[in-house]
Amino acid sequence: MYLRVLIFGFFLLWSCLKGFASEIDSSLYKKRLNLVAGSGMLVYGGTMFMLNELWYKQFERTSFHWFDDSKGWMQIDKWGHIHSAYFESIWSIESLKWAGVPAKKAAVYGAGVAFTYQSTIELLDGFSAKWGASYTDIMANALGCLTAMSQELKWGNQALIVKYSFHPKKYDDKQLQERSESLFGTQWNEVFLKDYNGQTYWVSLNLKQFYKNSKVPEWLNIAYGYSAENMFGGEENKWRGSEGMVYRYDMPRYRQHFLSLDVDFSKIPCQKKGLKTLLVFLNTFKMPFSSLAYDRINGLQFLPIYF
């Protein structure tokens, strides 16, 4: 099963890239395209192999099936899919443009490569007894890819960027801390990727894009953020502990909304290629800044600094 999924993914990626070589005249760009294609295949194959060996092999395999997880984790995980698919599209698009692929074709095929990558993970989920392929995950992946592609086609740049920020969560309540560690891990890199309570996803809008004649700095953005708190289970705060079922309905689950300023790092003037690449990578993350926050528990708040 795993090999069939991997071969399917390789075929789709190859189909996305194979037509470009005949359209590119420059030998330099042909070499770059070969490098992009080879690196992409290597990253794709290596990532899928590691996921299979380190993760999916631990769980029972079944025939392909679907699973509705649309109500889980107050949709924070769906934002994670949007964010991942968006930046995989951006990096793929920029790589293809660097290799000499025309900008509009790079936008379409770059988004296609990212969607293929994400879809392969969904296929692996579909063969796992613990999970299943998710319609809403696929929709979130598509939305992330389309957000990147549509802006490249319309403006040739990203006026709206999907970003991520994180702050670690600790609980004085021993039971909640143990539950958090069992769900999300104890190592920083695990918690950074898995703890939905510490994650915030942002839609960061570049002001200069829409006010071109203003004196607003090109790098200044305004951002809306979304997060959720007190999630100790997918849909409700109950779980099976060592001494039976645990019910923590005293910890209300709630959504949070934020309004803040942000920095579009890709708009910061820079001549050095290495530093410019670093700035593009930093655009994955929201700049820590003061924020207005609102939720149904605490009402409207001003936060001097928010990660």
# chains A, B, ... in the order shown; residues from 1 in each chain; ligands from 1
>>> residues_around(residues="A:Lys105", least_positions_apart="5", cutoff="9 Å", atoms="only C-alpha atoms", output="VMD selection string")
chain A and resid 93 96 to 97 110 153
>>> residues_around(residues="stretch 228-230 of chain A", least_positions_apart="5", cutoff="6 Å", atoms="only C-alpha atoms", output="VMD selection string")
chain A and resid 197 253 to 256
>>> write_last_selection(atoms="C-alpha atoms", output="JSON list (two decimals), in the first residue's frame")
[["chain", "number", "residue", "atom", "x", "y", "z"],
["A", 197, "ASN", "CA", -3.79, 25.34, 22.54],
["A", 253, "ARG", "CA", -13.28, 25.49, 25.52],
["A", 254, "TYR", "CA", -13.36, 28.81, 23.72],
["A", 255, "ARG", "CA", -12.20, 30.60, 20.58],
["A", 256, "GLN", "CA", -10.00, 33.71, 20.54]]
>>> residues_around(residues="stretch 76-91 of chain A", least_positions_apart="5", cutoff="10 Å", atoms="only C-alpha atoms", output="JSON, numbers by chain")
{"A": [69, 70, 71, 96, 97, 106, 107, 108, 109, 110, 111, 112, 113, 114, 115, 116, 117, 118, 119, 136, 137, 138, 139, 140, 141, 142, 143, 144, 145, 146, 147, 148, 149, 152, 157, 158, 161, 162, 163, 164, 193, 194, 195, 196, 197, 199, 200, 201, 202, 203, 226, 227, 228, 255, 280, 281, 283, 284]}
>>> atom_distance(atom1="atom CA of A:Lys212", atom2="atom CA of A:Gly156")
15.3 Å
>>> closest_residue(among="A:Lys272, A:Gly45, A:Thr277, A:Phe64", to="A:Leu124", atoms="only C-alpha atoms")
A:Phe64
>>> select_by_dssp(residues="stretch 64-197 of chain A", states="strand (DSSP E)", output="list in words")
Leu160, Ile161, Val162, Lys163, Tyr164, Ser165 and Phe166 of chain A
